[in-house]
$ cat run10.csv   # CSV, C-alpha atoms
chain,number,residue,atom,x,y,z
I,240,ASP,CA,91.3,91.8,111.4
I,241,THR,CA,92.2,95.4,110.5
I,242,GLU,CA,95.8,94.8,109.5
I,243,VAL,CA,97.7,95.0,106.3
I,244,THR,CA,100.6,92.6,106.6
I,245,GLN,CA,103.8,93.1,104.5
I,246,THR,CA,106.8,90.8,104.2
I,247,PRO,CA,109.7,91.0,104.4
I,248,LYS,CA,110.2,94.0,106.7
I,249,HIS,CA,113.7,94.5,105.4
I,250,LEU,CA,115.3,93.4,102.1
I,251,VAL,CA,118.8,93.9,100.8
I,252,MET,CA,119.4,93.0,97.2
I,253,GLY,CA,122.0,93.4,94.5
I,254,MET,CA,121.2,95.0,91.1
I,255,THR,CA,121.1,91.6,89.4
I,256,ASN,CA,118.8,89.9,91.9
I,257,LYS,CA,115.1,89.1,91.6
I,258,LYS,CA,113.0,89.4,94.7
I,259,SER,CA,109.4,89.9,95.6
I,260,LEU,CA,107.5,92.0,98.2
I,261,LYS,CA,104.3,90.5,99.5
I,262,CYS,CA,101.2,92.1,101.0
I,263,GLU,CA,98.1,90.6,102.5
I,264,GLN,CA,94.8,92.0,103.9
I,265,HIS,CA,91.7,90.2,105.2
I,266,MET,CA,89.4,93.2,105.6
I,267,GLY,CA,87.5,92.4,102.3
I,268,HIS,CA,88.9,95.6,100.7
I,269,ARG,CA,88.6,95.6,96.9
I,270,ALA,CA,91.4,97.9,96.2
I,271,MET,CA,95.1,97.5,96.9
I,272,TYR,CA,97.9,99.9,96.4
I,273,TRP,CA,101.7,100.1,96.2
I,274,TYR,CA,103.4,103.3,97.4
I,275,LYS,CA,107.1,104.2,97.5
I,276,GLN,CA,108.4,106.5,100.2
I,277,LYS,CA,111.8,108.0,100.3
I,278,ALA,CA,113.2,109.5,103.5
I,279,LYS,CA,111.5,112.7,104.6
I,280,LYS,CA,109.2,112.6,101.6
I,281,PRO,CA,105.5,111.8,101.2
I,282,PRO,CA,104.3,108.4,99.9
I,283,GLU,CA,104.2,108.3,96.1
I,284,LEU,CA,101.7,106.1,94.3
I,285,MET,CA,103.0,103.4,92.1
I,286,PHE,CA,100.1,101.0,91.3
I,287,VAL,CA,96.4,100.6,92.1
I,288,TYR,CA,94.5,97.3,91.7
I,289,SER,CA,90.7,97.4,92.0
I,290,TYR,CA,88.8,94.2,91.9
I,291,GLU,CA,92.0,92.4,91.1
I,292,LYS,CA,92.7,94.3,88.0
I,293,LEU,CA,95.4,96.9,87.5
I,294,SER,CA,93.6,100.3,87.3
I,295,ILE,CA,96.5,102.8,87.8
I,296,ASN,CA,100.1,102.5,86.9
I,297,GLU,CA,101.9,105.8,87.6
I,298,SER,CA,104.5,105.3,84.8
I,299,VAL,CA,106.6,103.0,87.0
I,300,PRO,CA,109.7,101.4,85.3
I,301,SER,CA,109.2,97.9,84.2
I,302,ARG,CA,111.8,96.6,86.7
I,303,PHE,CA,108.8,96.8,89.1
I,304,SER,CA,106.1,94.3,88.3
I,305,PRO,CA,102.9,94.1,90.3
I,306,GLU,CA,100.7,91.1,90.7
I,307,CYS,CA,97.4,90.6,92.4
I,308,PRO,CA,96.8,86.8,92.6
I,309,ASN,CA,93.4,87.3,94.5
I,310,SER,CA,91.5,90.0,96.4
I,311,SER,CA,93.6,89.5,99.5
I,312,LEU,CA,97.1,89.4,98.1
I,313,LEU,CA,99.3,91.8,96.3
I,314,ASN,CA,102.9,91.2,95.2
I,315,LEU,CA,105.6,93.5,93.8
I,316,HIS,CA,108.2,91.7,91.8
I,317,LEU,CA,111.6,93.4,91.7
I,318,HIS,CA,114.3,92.8,89.0
I,319,ALA,CA,117.4,94.7,88.0
I,320,LEU,CA,116.8,97.5,90.4
I,321,GLN,CA,119.0,100.5,90.8
I,322,PRO,CA,120.4,102.0,94.1
I,323,GLU,CA,118.0,104.9,93.7
I,324,ASP,CA,115.2,102.4,94.1
I,325,SER,CA,116.1,102.0,97.8
I,326,ALA,CA,113.1,103.2,99.8
I,327,LEU,CA,110.3,102.1,102.0
I,328,TYR,CA,107.6,100.3,100.0
I,329,LEU,CA,104.2,100.6,101.5
I,330,CYS,CA,101.2,98.5,100.6
I,331,ALA,CA,97.7,99.7,101.4
I,332,SER,CA,94.1,98.6,100.9
I,333,SER,CA,90.7,100.3,100.9
I,334,TRP,CA,87.1,100.2,100.2
I,335,ASN,CA,85.9,102.7,97.6
I,336,THR,CA,85.3,105.3,100.3
I,337,GLY,CA,88.9,106.5,100.1
I,338,GLU,CA,90.4,105.6,103.5
I,339,LEU,CA,93.7,103.8,103.0
I,340,PHE,CA,94.9,101.2,105.5
I,341,PHE,CA,98.7,101.0,105.3
I,342,GLY,CA,101.0,98.1,106.1
I,343,GLU,CA,104.2,98.7,108.1
I,344,GLY,CA,106.2,98.7,104.9
I,345,SER,CA,109.2,96.8,103.4
I,346,ARG,CA,112.4,98.7,103.6
I,347,LEU,CA,114.4,97.9,100.5
I,348,THR,CA,118.1,98.5,100.1
I,349,VAL,CA,119.7,98.0,96.6
I,350,LEU,CA,123.4,97.6,96.6
V,156,GLY,CA,96.3,116.0,87.9
V,157,GLU,CA,95.9,116.9,91.5
V,158,ASN,CA,98.6,118.9,93.3
V,159,VAL,CA,98.6,119.4,97.1
V,160,GLU,CA,100.7,122.0,98.8
V,161,GLN,CA,101.3,121.9,102.6
V,162,HIS,CA,102.7,124.4,105.0
V,163,PRO,CA,104.7,124.7,107.2
V,164,SER,CA,107.3,122.1,106.6
V,165,THR,CA,108.3,122.2,110.3
V,166,LEU,CA,106.4,123.4,113.3
V,167,SER,CA,107.7,123.5,116.8
V,168,VAL,CA,105.3,124.2,119.7
V,169,GLN,CA,105.3,124.0,123.5
V,170,GLU,CA,103.2,121.3,125.2
V,171,GLY,CA,99.7,122.6,125.6
V,172,ASP,CA,99.9,125.0,122.7
V,173,SER,CA,97.8,124.6,119.5
V,174,ALA,CA,99.2,123.6,116.1
V,175,VAL,CA,97.7,124.4,112.7
V,176,ILE,CA,98.8,122.9,109.4
V,177,LYS,CA,97.4,124.2,106.1
V,178,CYS,CA,97.0,122.5,102.7
V,179,THR,CA,95.8,123.7,99.3
V,180,TYR,CA,94.7,121.5,96.5
V,181,SER,CA,94.3,122.1,92.8
V,182,ASP,CA,91.6,119.7,91.4
V,183,SER,CA,88.1,121.0,92.1
V,184,ALA,CA,86.8,117.4,91.6
V,185,SER,CA,88.6,116.2,94.7
V,186,ASN,CA,86.1,115.4,97.4
V,187,TYR,CA,88.0,113.4,100.0
V,188,PHE,CA,90.6,115.0,102.3
V,189,PRO,CA,92.4,112.8,104.9
V,190,TRP,CA,95.2,113.6,107.3
V,191,TYR,CA,97.8,111.0,108.1
V,192,LYS,CA,100.2,110.9,111.0
V,193,GLN,CA,103.5,109.1,110.5
V,194,GLU,CA,105.8,108.5,113.5
V,195,LEU,CA,109.5,107.7,112.8
V,196,GLY,CA,109.9,104.3,111.3
V,197,LYS,CA,106.1,103.6,111.3
V,198,ARG,CA,103.3,103.4,108.8
V,199,PRO,CA,101.1,106.4,108.0
V,200,GLN,CA,97.9,106.2,110.0
V,201,LEU,CA,94.7,108.1,109.4
V,202,ILE,CA,93.9,110.5,112.2
V,203,ILE,CA,90.9,112.3,110.7
V,204,ASP,CA,89.3,112.9,107.3
V,205,ILE,CA,86.7,115.2,105.8
V,206,ARG,CA,84.5,115.0,102.7
V,207,SER,CA,83.5,117.9,100.5
V,208,ASN,CA,79.9,118.0,101.8
V,209,VAL,CA,81.2,119.0,105.3
V,210,GLY,CA,82.9,122.2,106.3
V,211,GLU,CA,84.3,121.0,109.7
V,212,LYS,CA,84.9,117.8,111.6
V,213,LYS,CA,86.2,117.3,115.1
V,214,ASP,CA,87.5,114.3,117.0
V,215,GLN,CA,88.6,115.2,120.6
V,216,ARG,CA,91.7,117.4,120.3
V,217,ILE,CA,91.9,117.4,116.5
V,218,ALA,CA,89.8,119.1,114.0
V,219,VAL,CA,89.8,119.7,110.2
V,220,THR,CA,88.2,122.5,108.3
V,221,LEU,CA,87.6,122.6,104.6
V,222,ASN,CA,87.0,125.6,102.3
V,223,LYS,CA,85.9,124.3,99.0
V,224,THR,CA,85.7,127.7,97.3
V,225,ALA,CA,89.3,128.5,98.2
V,226,LYS,CA,90.4,124.9,97.8
V,227,HIS,CA,92.2,124.7,101.1
V,228,PHE,CA,91.8,122.6,104.3
V,229,SER,CA,93.5,122.8,107.6
V,230,LEU,CA,94.4,120.5,110.6
V,231,HIS,CA,94.0,121.9,114.1
V,232,ILE,CA,95.5,120.2,117.1
V,233,THR,CA,94.7,121.7,120.5
V,234,GLU,CA,96.4,121.0,123.8
V,235,THR,CA,99.4,119.4,122.1
V,236,GLN,CA,101.3,116.6,123.8
V,237,PRO,CA,104.8,115.3,123.2
V,238,GLU,CA,103.3,112.1,121.7
V,239,ASP,CA,101.8,114.3,119.0
V,240,SER,CA,105.3,114.8,117.6
V,241,ALA,CA,105.4,113.2,114.2
V,242,VAL,CA,105.2,114.0,110.5
V,243,TYR,CA,101.7,114.9,109.3
V,244,PHE,CA,100.6,114.5,105.7
V,245,CYS,CA,97.5,116.0,104.2
V,246,ALA,CA,96.1,114.4,101.1
V,247,ALA,CA,93.3,114.7,98.5
V,248,SER,CA,91.5,112.4,96.1
V,249,ILE,CA,88.2,111.7,94.4
V,250,THR,CA,86.2,109.1,96.4
V,251,GLY,CA,86.6,105.6,95.0
V,252,PHE,CA,89.6,103.6,94.0
V,253,GLN,CA,91.5,106.7,93.0
V,254,LYS,CA,94.9,108.2,93.4
V,255,LEU,CA,95.4,109.7,96.8
V,256,VAL,CA,97.9,112.6,96.4
V,257,PHE,CA,99.8,113.6,99.5
V,258,GLY,CA,101.1,116.9,100.6
V,259,THR,CA,104.8,117.3,101.3
V,260,GLY,CA,104.4,116.8,105.0
V,261,THR,CA,104.8,118.8,108.2
V,262,ARG,CA,107.2,117.7,110.9
V,263,LEU,CA,105.6,118.7,114.2
V,264,LEU,CA,107.7,118.8,117.3
V,265,VAL,CA,106.0,119.3,120.7
V,266,SER,CA,108.4,120.2,123.5
V,267,PRO,CA,107.6,119.3,127.1
$ encode --input "run10.csv" --output "structure tokens"
Amino acid sequence: DTEVTQTPKHLVMGMTNKKSLKCEQHMGHRAMYWYKQKAKKPPELMFVYSYEKLSINESVPSRFSPECPNSSLLNLHLHALQPEDSALYLCASSWNTGELFFGEGSRLTVL
Amino acid sequence: GENVEQHPSTLSVQEGDSAVIKCTYSDSASNYFPWYKQELGKRPQLIIDIRSNVGEKKDQRIAVTLNKTAKHFSLHITETQPEDSAVYFCAASITGFQKLVFGTGTRLLVSP
């Protein structure tokens, strides 16, 4: 299995809602990542988990809360988001060799 | 931190021509340089990568070159085909569970 699976594919939420994005990989990778991608822009790193511990937080606002329940799962909890948070949220995983395997992404719209 | 610049931002070629995309990086500690292709509405997918102990790497119609002294690396696509049309991102990082910094992207359009 060489897939990174993300759910949901699309999400529309209001500014007062609480929702979660989910990511799963079964490649035995020990690092998992959340990236945010706006239209016509490169992916921007948000968080890195290595061996299930948060190792990098790129000064992301607290309305985004990551969680890594185990080595195969990564969640991103969303609360009180702003319209400017609308974007494609990409999950990725890797060994420590550097190559990232991306999921198809969750397209988020905040109304 | 690392900063990656990428040029050109758009590139239009005729089918069969070659395409070259160039990137420069700032952190001399970076040692891993991948290239990702992202088709419209799809995920970024790795097409080729190079590590700092190698100067050039080829895979069929694509090749990447690295000049560590000048801190730049390039993607070369030969015999371009319409299905090569996509956005291409270069990136740089230090091997390990580190931050992969992406360039700004190049939109390649291959016309039949």
$ atom_distance --input "run10.csv" --atom1 "CA of Tyr272 (chain I)" --atom2 "CA of Glu160 (chain V)"
22.4 Å
$ residues_around --input "run10.csv" --residues "Asn296 (chain I)" --least-positions-apart "6" --cutoff "7 Å" --atoms "all atoms listed in the file" --output "PyMOL selection string"
chain I and resi 285-287
$ interface_residues --input "run10.csv" --of "chain I" --to "chain V" --cutoff "9 Å" --atoms "all atoms listed in the file" --output "list in words"
Arg269, Ala270, Met271, Lys279, Lys280, Pro281, Pro282, Glu283, Leu284, Val287, Tyr288, Ser289, Ser294, Ile295, Leu329, Ser333, Trp334, Asn335, Thr336, Gly337, Glu338, Leu339, Phe340, Phe341, Gly342, Glu343 and Gly344 of chain I
$ residues_around --input "run10.csv" --residues "Val349 (chain I)" --least-positions-apart "4" --cutoff "10 Å" --atoms "all atoms listed in the file" --output "count of residues only"
15
$ atom_distance --input "run10.csv" --atom1 "CA of His268 (chain I)" --atom2 "CA of Ser229 (chain V)"
28.4 Å
$ atom_distance --input "run10.csv" --atom1 "CA of Thr348 (chain I)" --atom2 "CA of Pro305 (chain I)"
18.6 Å
$ residues_around --input "run10.csv" --residues "region 214-226 of chain V" --least-positions-apart "3" --cutoff "9 Å" --atoms "all atoms listed in the file" --output "list in words"
Cys178, Thr179, Tyr180, Ser181, Asp182, Ser183, Phe188, Trp190, Ile202, Ile203, Asp204, Ile205, Arg206, Ser207, Val209, Gly210, Glu211, Ser229, Leu230, His231, Ile232, Thr233, Glu234 and Thr235 of chain V
$ residues_near_point --input "run10.csv" --point "(90.9, 91.3, 90.8)" --cutoff "8 Å" --atoms "only C-alpha atoms" --output "ChimeraX atom specification"
/I:269,288-293,307-310
$ closest_residue --input "run10.csv" --among "I:His316, I:Arg302, I:Lys261, I:Arg346" --to "Gln276 (chain I)" --atoms "only C-alpha atoms"
I:Arg346
$ closest_residue --input "run10.csv" --among "V:Ile176, V:Ser266, V:Ala184, V:Phe228" --to "Ser164 (chain V)" --atoms "only C-alpha atoms"
V:Ile176
$ build_atoms --input "run10.csv" --residues "region 324-339 of chain I" --atoms "N, CA, C and O atoms" --output "JSON list (two decimals), in the coordinates of the input"
[["chain", "number", "residue", "atom", "x", "y", "z"],
["I", 324, "ASP", "N", 116.46, 103.06, 93.78],
["I", 324, "ASP", "CA", 115.20, 102.40, 94.10],
["I", 324, "ASP", "C", 115.08, 102.09, 95.59],
["I", 324, "ASP", "O", 114.02, 101.64, 96.06],
["I", 325, "SER", "N", 116.15, 102.27, 96.32],
["I", 325, "SER", "CA", 116.10, 102.00, 97.80],
["I", 325, "SER", "C", 115.12, 102.96, 98.40],
["I", 325, "SER", "O", 115.15, 104.18, 98.19],
["I", 326, "ALA", "N", 114.19, 102.39, 99.17],
["I", 326, "ALA", "CA", 113.10, 103.20, 99.80],
["I", 326, "ALA", "C", 112.27, 102.27, 100.66],
["I", 326, "ALA", "O", 112.51, 101.06, 100.75],
["I", 327, "LEU", "N", 111.28, 102.87, 101.28],
["I", 327, "LEU", "CA", 110.30, 102.10, 102.00],
["I", 327, "LEU", "C", 109.09, 101.89, 101.05],
["I", 327, "LEU", "O", 108.56, 102.84, 100.48],
["I", 328, "TYR", "N", 108.72, 100.63, 100.86],
["I", 328, "TYR", "CA", 107.60, 100.30, 100.00],
["I", 328, "TYR", "C", 106.40, 99.95, 100.83],
["I", 328, "TYR", "O", 106.42, 99.00, 101.61],
["I", 329, "LEU", "N", 105.37, 100.76, 100.67],
["I", 329, "LEU", "CA", 104.20, 100.60, 101.50],
["I", 329, "LEU", "C", 103.03, 100.04, 100.66],
["I", 329, "LEU", "O", 102.75, 100.50, 99.55],
["I", 330, "CYS", "N", 102.40, 99.04, 101.22],
["I", 330, "CYS", "CA", 101.20, 98.50, 100.60],
["I", 330, "CYS", "C", 100.01, 99.07, 101.40],
["I", 330, "CYS", "O", 100.12, 99.38, 102.59],
["I", 331, "ALA", "N", 98.89, 99.25, 100.73],
["I", 331, "ALA", "CA", 97.70, 99.70, 101.40],
["I", 331, "ALA", "C", 96.48, 99.09, 100.74],
["I", 331, "ALA", "O", 96.55, 98.56, 99.62],
["I", 332, "SER", "N", 95.37, 99.13, 101.46],
["I", 332, "SER", "CA", 94.10, 98.60, 100.90],
["I", 332, "SER", "C", 92.99, 99.55, 101.32],
["I", 332, "SER", "O", 93.13, 100.36, 102.25],
["I", 333, "SER", "N", 91.87, 99.45, 100.60],
["I", 333, "SER", "CA", 90.70, 100.30, 100.90],
["I", 333, "SER", "C", 89.45, 99.78, 100.33],
["I", 333, "SER", "O", 89.44, 98.97, 99.41],
["I", 334, "TRP", "N", 88.34, 100.27, 100.90],
["I", 334, "TRP", "CA", 87.10, 100.20, 100.20],
["I", 334, "TRP", "C", 87.05, 101.37, 99.21],
["I", 334, "TRP", "O", 88.04, 102.07, 99.07],
["I", 335, "ASN", "N", 85.94, 101.60, 98.54],
["I", 335, "ASN", "CA", 85.90, 102.70, 97.60],
["I", 335, "ASN", "C", 85.52, 104.02, 98.27],
["I", 335, "ASN", "O", 85.19, 104.99, 97.61],
["I", 336, "THR", "N", 85.57, 104.06, 99.62],
["I", 336, "THR", "CA", 85.30, 105.30, 100.30],
["I", 336, "THR", "C", 86.50, 106.19, 100.47],
["I", 336, "THR", "O", 86.40, 107.32, 100.91],
["I", 337, "GLY", "N", 87.67, 105.67, 100.14],
["I", 337, "GLY", "CA", 88.90, 106.50, 100.10],
["I", 337, "GLY", "C", 89.88, 106.22, 101.21],
["I", 337, "GLY", "O", 91.07, 106.39, 101.00],
["I", 338, "GLU", "N", 89.46, 105.83, 102.43],
["I", 338, "GLU", "CA", 90.40, 105.60, 103.50],
["I", 338, "GLU", "C", 91.38, 104.51, 103.20],
["I", 338, "GLU", "O", 90.95, 103.39, 102.93],
["I", 339, "LEU", "N", 92.66, 104.81, 103.25],
["I", 339, "LEU", "CA", 93.70, 103.80, 103.00],
["I", 339, "LEU", "C", 94.18, 103.24, 104.36],
["I", 339, "LEU", "O", 94.39, 103.97, 105.32]]
